[in-house]
Amino acid sequence: MLPTYCPSCQSQLKVKCLKCESCQTEVSGLYDLPTLALLSSENQQFILRFVINSGSLKEMASELKLSYPTVRNMLNEIINKIKVYEK
Amino acid sequence: MKSKDIFSLMVNPFSRIAGWQAFGLGLAIVIVTGFIGTFSNVAFDGVIDMHLTQNLTFVHSFKFLAIDIVCLVLVMTITGFIISKGFRIIDILGTMTLAKAPYLILAIAGYFTVSPDIKEVMKNPFIVFQSVSFIILTLLSIPVTIWGITLFHNALKTSCDVKGGKLVIAFIVALLVSEIISKTLIYKLM
């Protein structure tokens, strides 16, 4: 799991360096993490399953063995988190 | 299944079941409650009420339950429109009908209860303490009612995706309003 928050002060981390494993080239800078990477692994997994199920909450509910409103509420929670991150 | 999971499912089965499935299961339990309630003279004359009566008919027993569920679903649906951004009416209908399930316990318990004669009770109210089965039923009605109210609360919470103080206040008001309307309708129509 990619760390997204500073273990010392809990601020949001940024990407400082990216490296090519093939030619060892390093790209340095200060890049924002993508919004999806800021979500918990459970939330990321949920979004992945949601896309795989063609965005069908009914199929998600059936797969997760949960009720439709519970799955919809989980999605609403992720939407609210994303809205906060995007502010 | 762990005992914690069983408890969690008992207080909030709506995380697993809602909509038409919950309505079907809830309706089946309510019908059984109506049948047993008729034989055991237990009338569910209010959304959260239960009283022992005499000579209860099938018609009255089912009319009481129908009024209870209709009042509850209507008031909770209106509450949903006020407090929620979006919800399905079938979820309110299904979860609220299933939330009435614990009252089946009281209908069954009523079958084993000897009701004290009302004329005797009017003369001397302390005569109720002579009927052990009546005291047991009265004591049993407390946790069952608490369980029922918890289920109504979780039904609204899951169906409408509302949390915190807004949910608590809206739920208390909605439950009181539905109780008053159901009581009034039962009194006027019966």
# chains A, B, ... in the order shown; residues from 1 in each chain; ligands from 1
call {"tool": "interface_residues", "arguments": {"of": "chain B", "to": "chain A", "cutoff": "9 Å", "atoms": "only C-alpha atoms", "output": "PDB file with all heavy atoms, in the first residue's frame"}}
result
ATOM      1  N   PHE B  14     -30.353  -5.221   7.783  1.00  0.00           N
ATOM      2  CA  PHE B  14     -30.525  -4.471   6.530  1.00  0.00           C
ATOM      3  C   PHE B  14     -29.215  -4.236   5.784  1.00  0.00           C
ATOM      4  O   PHE B  14     -29.237  -3.773   4.655  1.00  0.00           O
ATOM      5  CB  PHE B  14     -31.248  -3.152   6.815  1.00  0.00           C
ATOM      6  CG  PHE B  14     -32.399  -3.344   7.753  1.00  0.00           C
ATOM      7  CD1 PHE B  14     -32.423  -2.732   8.991  1.00  0.00           C
ATOM      8  CD2 PHE B  14     -33.437  -4.201   7.416  1.00  0.00           C
ATOM      9  CE1 PHE B  14     -33.467  -2.958   9.873  1.00  0.00           C
ATOM     10  CE2 PHE B  14     -34.483  -4.438   8.296  1.00  0.00           C
ATOM     11  CZ  PHE B  14     -34.496  -3.805   9.532  1.00  0.00           C
ATOM     12  N   SER B  15     -28.073  -4.557   6.437  1.00  0.00           N
ATOM     13  CA  SER B  15     -26.808  -4.476   5.705  1.00  0.00           C
ATOM     14  C   SER B  15     -26.752  -5.638   4.700  1.00  0.00           C
ATOM     15  O   SER B  15     -26.039  -5.569   3.718  1.00  0.00           O
ATOM     16  CB  SER B  15     -25.623  -4.547   6.669  1.00  0.00           C
ATOM     17  OG  SER B  15     -25.649  -5.769   7.360  1.00  0.00           O
ATOM     18  N   ARG B  16     -27.536  -6.691   4.973  1.00  0.00           N
ATOM     19  CA  ARG B  16     -27.541  -7.857   4.089  1.00  0.00           C
ATOM     20  C   ARG B  16     -28.812  -7.953   3.246  1.00  0.00           C
ATOM     21  O   ARG B  16     -28.794  -8.463   2.135  1.00  0.00           O
ATOM     22  CB  ARG B  16     -27.426  -9.147   4.917  1.00  0.00           C
ATOM     23  CG  ARG B  16     -26.153  -9.272   5.716  1.00  0.00           C
ATOM     24  CD  ARG B  16     -25.000  -9.689   4.828  1.00  0.00           C
ATOM     25  NE  ARG B  16     -23.765  -9.799   5.585  1.00  0.00           N
ATOM     26  CZ  ARG B  16     -23.348 -10.926   6.145  1.00  0.00           C
ATOM     27  NH1 ARG B  16     -24.069 -12.014   6.045  1.00  0.00           N
ATOM     28  NH2 ARG B  16     -22.229 -10.962   6.808  1.00  0.00           N
ATOM     29  N   ILE B  17     -29.938  -7.492   3.828  1.00  0.00           N
ATOM     30  CA  ILE B  17     -31.216  -7.675   3.133  1.00  0.00           C
ATOM     31  C   ILE B  17     -32.016  -6.371   3.166  1.00  0.00           C
ATOM     32  O   ILE B  17     -32.104  -5.721   4.208  1.00  0.00           O
ATOM     33  CB  ILE B  17     -32.003  -8.882   3.730  1.00  0.00           C
ATOM     34  CG1 ILE B  17     -33.292  -9.124   2.953  1.00  0.00           C
ATOM     35  CG2 ILE B  17     -32.278  -8.721   5.203  1.00  0.00           C
ATOM     36  CD1 ILE B  17     -33.982 -10.442   3.309  1.00  0.00           C
ATOM     37  N   ALA B  18     -32.540  -6.002   2.007  1.00  0.00           N
ATOM     38  CA  ALA B  18     -33.369  -4.790   1.900  1.00  0.00           C
ATOM     39  C   ALA B  18     -34.262  -4.950   0.671  1.00  0.00           C
ATOM     40  O   ALA B  18     -34.274  -6.024   0.057  1.00  0.00           O
ATOM     41  CB  ALA B  18     -32.478  -3.554   1.782  1.00  0.00           C
ATOM     42  N   GLY B  19     -35.001  -3.925   0.346  1.00  0.00           N
ATOM     43  CA  GLY B  19     -35.824  -3.937  -0.867  1.00  0.00           C
ATOM     44  C   GLY B  19     -36.904  -5.008  -0.855  1.00  0.00           C
ATOM     45  O   GLY B  19     -37.469  -5.337   0.185  1.00  0.00           O
ATOM     46  N   PHE B  87     -33.107   8.075  -2.022  1.00  0.00           N
ATOM     47  CA  PHE B  87     -33.338   6.734  -1.474  1.00  0.00           C
ATOM     48  C   PHE B  87     -34.419   6.053  -2.308  1.00  0.00           C
ATOM     49  O   PHE B  87     -35.117   6.715  -3.085  1.00  0.00           O
ATOM     50  CB  PHE B  87     -33.750   6.813   0.001  1.00  0.00           C
ATOM     51  CG  PHE B  87     -35.096   7.443   0.223  1.00  0.00           C
ATOM     52  CD1 PHE B  87     -36.232   6.670   0.390  1.00  0.00           C
ATOM     53  CD2 PHE B  87     -35.244   8.831   0.245  1.00  0.00           C
ATOM     54  CE1 PHE B  87     -37.479   7.252   0.579  1.00  0.00           C
ATOM     55  CE2 PHE B  87     -36.481   9.422   0.443  1.00  0.00           C
ATOM     56  CZ  PHE B  87     -37.599   8.633   0.602  1.00  0.00           C
ATOM     57  N   ARG B  88     -34.552   4.731  -2.126  1.00  0.00           N
ATOM     58  CA  ARG B  88     -35.595   3.991  -2.841  1.00  0.00           C
ATOM     59  C   ARG B  88     -36.735   3.708  -1.868  1.00  0.00           C
ATOM     60  O   ARG B  88     -36.489   3.216  -0.752  1.00  0.00           O
ATOM     61  CB  ARG B  88     -35.052   2.661  -3.366  1.00  0.00           C
ATOM     62  CG  ARG B  88     -33.889   2.790  -4.341  1.00  0.00           C
ATOM     63  CD  ARG B  88     -33.577   1.457  -5.005  1.00  0.00           C
ATOM     64  NE  ARG B  88     -33.437   0.367  -4.037  1.00  0.00           N
ATOM     65  CZ  ARG B  88     -33.282  -0.909  -4.364  1.00  0.00           C
ATOM     66  NH1 ARG B  88     -33.249  -1.263  -5.637  1.00  0.00           N
ATOM     67  NH2 ARG B  88     -33.152  -1.844  -3.447  1.00  0.00           N
ATOM     68  N   ASP B  91     -36.924   0.290  -0.405  1.00  0.00           N
ATOM     69  CA  ASP B  91     -36.035  -0.022   0.727  1.00  0.00           C
ATOM     70  C   ASP B  91     -36.704   0.321   2.054  1.00  0.00           C
ATOM     71  O   ASP B  91     -36.600  -0.426   3.026  1.00  0.00           O
ATOM     72  CB  ASP B  91     -34.699   0.723   0.587  1.00  0.00           C
ATOM     73  CG  ASP B  91     -33.818   0.109  -0.479  1.00  0.00           C
ATOM     74  OD1 ASP B  91     -33.899  -1.122  -0.673  1.00  0.00           O
ATOM     75  OD2 ASP B  91     -33.070   0.852  -1.139  1.00  0.00           O
ATOM     76  N   THR B 158     -30.113   2.855   7.138  1.00  0.00           N
ATOM     77  CA  THR B 158     -29.600   2.157   5.956  1.00  0.00           C
ATOM     78  C   THR B 158     -30.316   2.611   4.683  1.00  0.00           C
ATOM     79  O   THR B 158     -29.670   2.835   3.662  1.00  0.00           O
ATOM     80  CB  THR B 158     -29.757   0.624   6.126  1.00  0.00           C
ATOM     81  OG1 THR B 158     -29.112   0.235   7.338  1.00  0.00           O
ATOM     82  CG2 THR B 158     -29.148  -0.144   4.966  1.00  0.00           C
ATOM     83  N   SER B 159     -31.637   2.760   4.772  1.00  0.00           N
ATOM     84  CA  SER B 159     -32.398   3.113   3.568  1.00  0.00           C
ATOM     85  C   SER B 159     -32.102   4.517   3.078  1.00  0.00           C
ATOM     86  O   SER B 159     -32.101   4.765   1.877  1.00  0.00           O
ATOM     87  CB  SER B 159     -33.900   2.979   3.836  1.00  0.00           C
ATOM     88  OG  SER B 159     -34.206   1.682   4.221  1.00  0.00           O
ATOM     89  N   CYS B 160     -31.888   5.451   4.011  1.00  0.00           N
ATOM     90  CA  CYS B 160     -31.754   6.866   3.621  1.00  0.00           C
ATOM     91  C   CYS B 160     -30.323   7.386   3.692  1.00  0.00           C
ATOM     92  O   CYS B 160     -30.084   8.537   3.310  1.00  0.00           O
ATOM     93  CB  CYS B 160     -32.656   7.728   4.498  1.00  0.00           C
ATOM     94  SG  CYS B 160     -34.388   7.352   4.251  1.00  0.00           S
ATOM     95  N   ASP B 161     -29.382   6.601   4.193  1.00  0.00           N
ATOM     96  CA  ASP B 161     -27.975   7.018   4.324  1.00  0.00           C
ATOM     97  C   ASP B 161     -27.844   8.350   5.072  1.00  0.00           C
ATOM     98  O   ASP B 161     -27.286   9.321   4.538  1.00  0.00           O
ATOM     99  CB  ASP B 161     -27.306   7.101   2.944  1.00  0.00           C
ATOM    100  CG  ASP B 161     -25.789   7.233   3.060  1.00  0.00           C
ATOM    101  OD1 ASP B 161     -25.241   6.891   4.109  1.00  0.00           O
ATOM    102  OD2 ASP B 161     -25.160   7.684   2.085  1.00  0.00           O
TER     103      ASP B 161
END
call {"tool": "residues_around", "arguments": {"residues": "Ile82 of chain A", "least_positions_apart": "6", "cutoff": "10 Å", "atoms": "only C-alpha atoms", "output": "list in words"}}
result
Thr35, Leu36, Leu38, Leu39 and Asn76 of chain A
call {"tool": "select_by_dssp", "arguments": {"residues": "chain A", "states": "strand (DSSP E)", "output": "MDAnalysis selection string"}}
result
chainID A and resid 15:19 26:31
call {"tool": "write_last_selection", "arguments": {"atoms": "N, CA, C and O atoms", "output": "compact mmCIF listing (two decimals), in the first residue's frame"}}
result
# COMPACT_ATOMS: atom_id res chain seq x y z
N VAL A 15 4.78 13.20 -4.34
CA VAL A 15 5.79 12.36 -4.99
C VAL A 15 7.00 13.24 -5.33
O VAL A 15 6.86 14.26 -6.00
N LYS A 16 8.19 12.81 -4.85
CA LYS A 16 9.39 13.61 -5.08
C LYS A 16 10.21 13.05 -6.25
O LYS A 16 10.82 13.79 -7.02
N CYS A 17 10.21 11.72 -6.36
CA CYS A 17 11.09 11.13 -7.35
C CYS A 17 10.48 9.86 -7.96
O CYS A 17 9.88 9.06 -7.26
N LEU A 18 10.66 9.71 -9.28
CA LEU A 18 10.21 8.50 -9.98
C LEU A 18 11.42 7.94 -10.74
O LEU A 18 12.22 8.71 -11.26
N LYS A 19 11.51 6.61 -10.75
CA LYS A 19 12.70 6.00 -11.34
C LYS A 19 12.34 4.95 -12.38
O LYS A 19 11.42 4.16 -12.16
N GLU A 26 16.16 8.91 -13.33
CA GLU A 26 15.31 9.40 -12.23
C GLU A 26 14.69 10.74 -12.62
O GLU A 26 15.37 11.61 -13.16
N VAL A 27 13.36 10.85 -12.37
CA VAL A 27 12.65 12.11 -12.64
C VAL A 27 12.29 12.71 -11.29
O VAL A 27 11.56 12.10 -10.51
N SER A 28 12.85 13.86 -11.00
CA SER A 28 12.58 14.50 -9.70
C SER A 28 11.64 15.69 -9.86
O SER A 28 11.59 16.32 -10.91
N GLY A 29 10.90 15.96 -8.82
CA GLY A 29 9.97 17.10 -8.84
C GLY A 29 9.12 17.06 -7.59
O GLY A 29 9.52 16.45 -6.58
N LEU A 30 7.97 17.68 -7.63
CA LEU A 30 7.04 17.62 -6.51
C LEU A 30 5.63 17.44 -7.08
O LEU A 30 4.97 18.41 -7.44
N TYR A 31 5.23 16.18 -7.19
CA TYR A 31 3.96 15.87 -7.85
C TYR A 31 2.89 15.46 -6.82
O TYR A 31 3.18 14.76 -5.86
call {"tool": "atom_distance", "arguments": {"atom1": "atom CA of Asn12 of chain B", "atom2": "atom CA of Ala107 of chain B"}}
result
21.9 Å
call {"tool": "residues_around", "arguments": {"residues": "Arg49 of chain A", "least_positions_apart": "6", "cutoff": "10 Å", "atoms": "only C-alpha atoms", "output": "PyMOL selection string"}}
result
chain A and resi 43+55-56+59-60+63-64
call {"tool": "closest_residue", "arguments": {"among": "A:Cys20, A:Ile79, A:Leu33, A:Leu13", "to": "Ile47 of chain A", "atoms": "only C-alpha atoms"}}
result
A:Ile79
call {"tool": "closest_residue", "arguments": {"among": "B:Val59, B:Ile82, B:Ile108, B:Ile127", "to": "Leu167 of chain B", "atoms": "only C-alpha atoms"}}
result
B:Ile82
call {"tool": "atom_distance", "arguments": {"atom1": "atom CA of Thr53 of chain B", "atom2": "atom CA of Gly148 of chain B"}}
result
21.2 Å
call {"tool": "atom_distance", "arguments": {"atom1": "atom CA of Ser182 of chain B", "atom2": "atom CA of Asp68 of chain B"}}
result
5.7 Å
call {"tool": "residues_around", "arguments": {"residues": "Cys71 of chain B", "least_positions_apart": "3", "cutoff": "7 Å", "atoms": "only C-alpha atoms", "output": "number ranges by chain"}}
result
B: 67-68, 74-75, 178, 181-182
call {"tool": "select_by_dssp", "arguments": {"residues": "chain A", "states": "helix (DSSP H, G or I)", "output": "number ranges by chain"}}
result
A: 35-38, 41-52, 57-64, 68-86
call {"tool": "residues_around", "arguments": {"residues": "Trp147 of chain B", "least_positions_apart": "5", "cutoff": "9 Å", "atoms": "only C-alpha atoms", "output": "ChimeraX atom specification"}}
result
/B:10-11,99,102,142,152
call {"tool": "write_last_selection", "arguments": {"atoms": "C-alpha atoms", "output": "PDB file, in the first residue's frame"}}
result
ATOM      1  CA  MET B  10     -29.911  -9.174  14.639  1.00  0.00           C
ATOM      2  CA  VAL B  11     -29.750  -5.417  15.209  1.00  0.00           C
ATOM      3  CA  ALA B  99     -38.295  -4.477  11.357  1.00  0.00           C
ATOM      4  CA  PRO B 102     -39.536  -9.163  16.662  1.00  0.00           C
ATOM      5  CA  ILE B 142     -39.579  -4.394  27.038  1.00  0.00           C
ATOM      6  CA  PHE B 152     -36.793   0.772  12.832  1.00  0.00           C
TER       7      PHE B 152
END
